[in-house]
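This report refers to the structure that appears directly beneath it.
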Amino acid sequence: MSDALADRPRVPWRTLAALALVMAAILVPGDGIPRPPDPLHRDKLAHFCLFALLAVVAHAGLGLDSRKAALLGFLAAAALAVGTELLQLLVPHRSTEAADAIADLAGYLGGWLARRPAVSLLTKATRRA
């Protein structure tokens, strides 16, 4: 019985949780209250950070270290970025912006570039805890 469990593929729970966080944050209905212009573009920073987190967690959890896997990860992130922007057309009080998808991809790329130091820091922190 233990051999059968060992042969089963592991479910990437952390990656799935990060993906769920991205989807929830991006697709939550807006409140419909008009907002003044945001010169700091905090919404773009949120998009960047969510996709950076997704990149770090996905690459750590799925072992996407080869060039081919990294390219597939980026293409999946691009599909997610464009897909979530299109889905926002169906969400009340939300809008679609190409700049959001660009911020998503920039975040994914930033997270991919920072994945090794980030995973190293997280590993050290969890060993201490």
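A note on labels: chains of the structure tokens are A, B, ... as shown, every chain counts residues from 1, and ligands are counted from 1 in their shown order.
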Using the chain letters and numbers from this document, which residues of chain A does DSSP assign to alpha helix (DSSP H), as JSON, numbers by chain?
-> {"A": [2, 3, 4, 5, 6, 7, 13, 14, 15, 16, 17, 18, 19, 20, 21, 22, 23, 24, 25, 26, 27, 42, 43, 44, 45, 46, 47, 48, 49, 50, 51, 52, 53, 54, 55, 56, 57, 58, 59, 60, 61, 62, 67, 68, 69, 70, 71, 72, 73, 74, 75, 76, 77, 78, 79, 80, 81, 82, 83, 84, 85, 86, 87, 98, 99, 100, 101, 102, 103, 104, 105, 106, 107, 108, 109, 110, 111, 112, 113, 115, 116, 117, 118, 119, 120, 121, 122, 123, 124, 125, 126, 127, 128]}
List the neighbours of range 98-113 of chain A out to 7 Å using only C-alpha atoms; skip same-chain residues closer than 6 positions along the sequence, and give me the result as a PyMOL selection string.
-> chain A and resi 44+47-49+51-53+55-56+77-78+81-82+85
Fewer than 3 positions away in the same chain doesn't count, so skip those; otherwise give me all residues within 12 Å of Ala17 in chain A, counting only C-alpha atoms, as number ranges by chain.
-> A: 11-14, 20-24, 50, 53-54, 57-58, 61
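By chain and then residue number, the residues within 9 Å of Ala60 in chain A are Thr15, Ala55, Val56, Leu64, Asp65, Arg115, Arg116 and Val119 of chain A, counting only C-alpha atoms and disregarding those fewer than 4 positions away in sequence.
You can rank A:Arg35, A:His59, A:Pro29, A:Leu90 by their closest distance to Phe74 in chain A using only C-alpha atoms, and at the top of that list sits A:His59.
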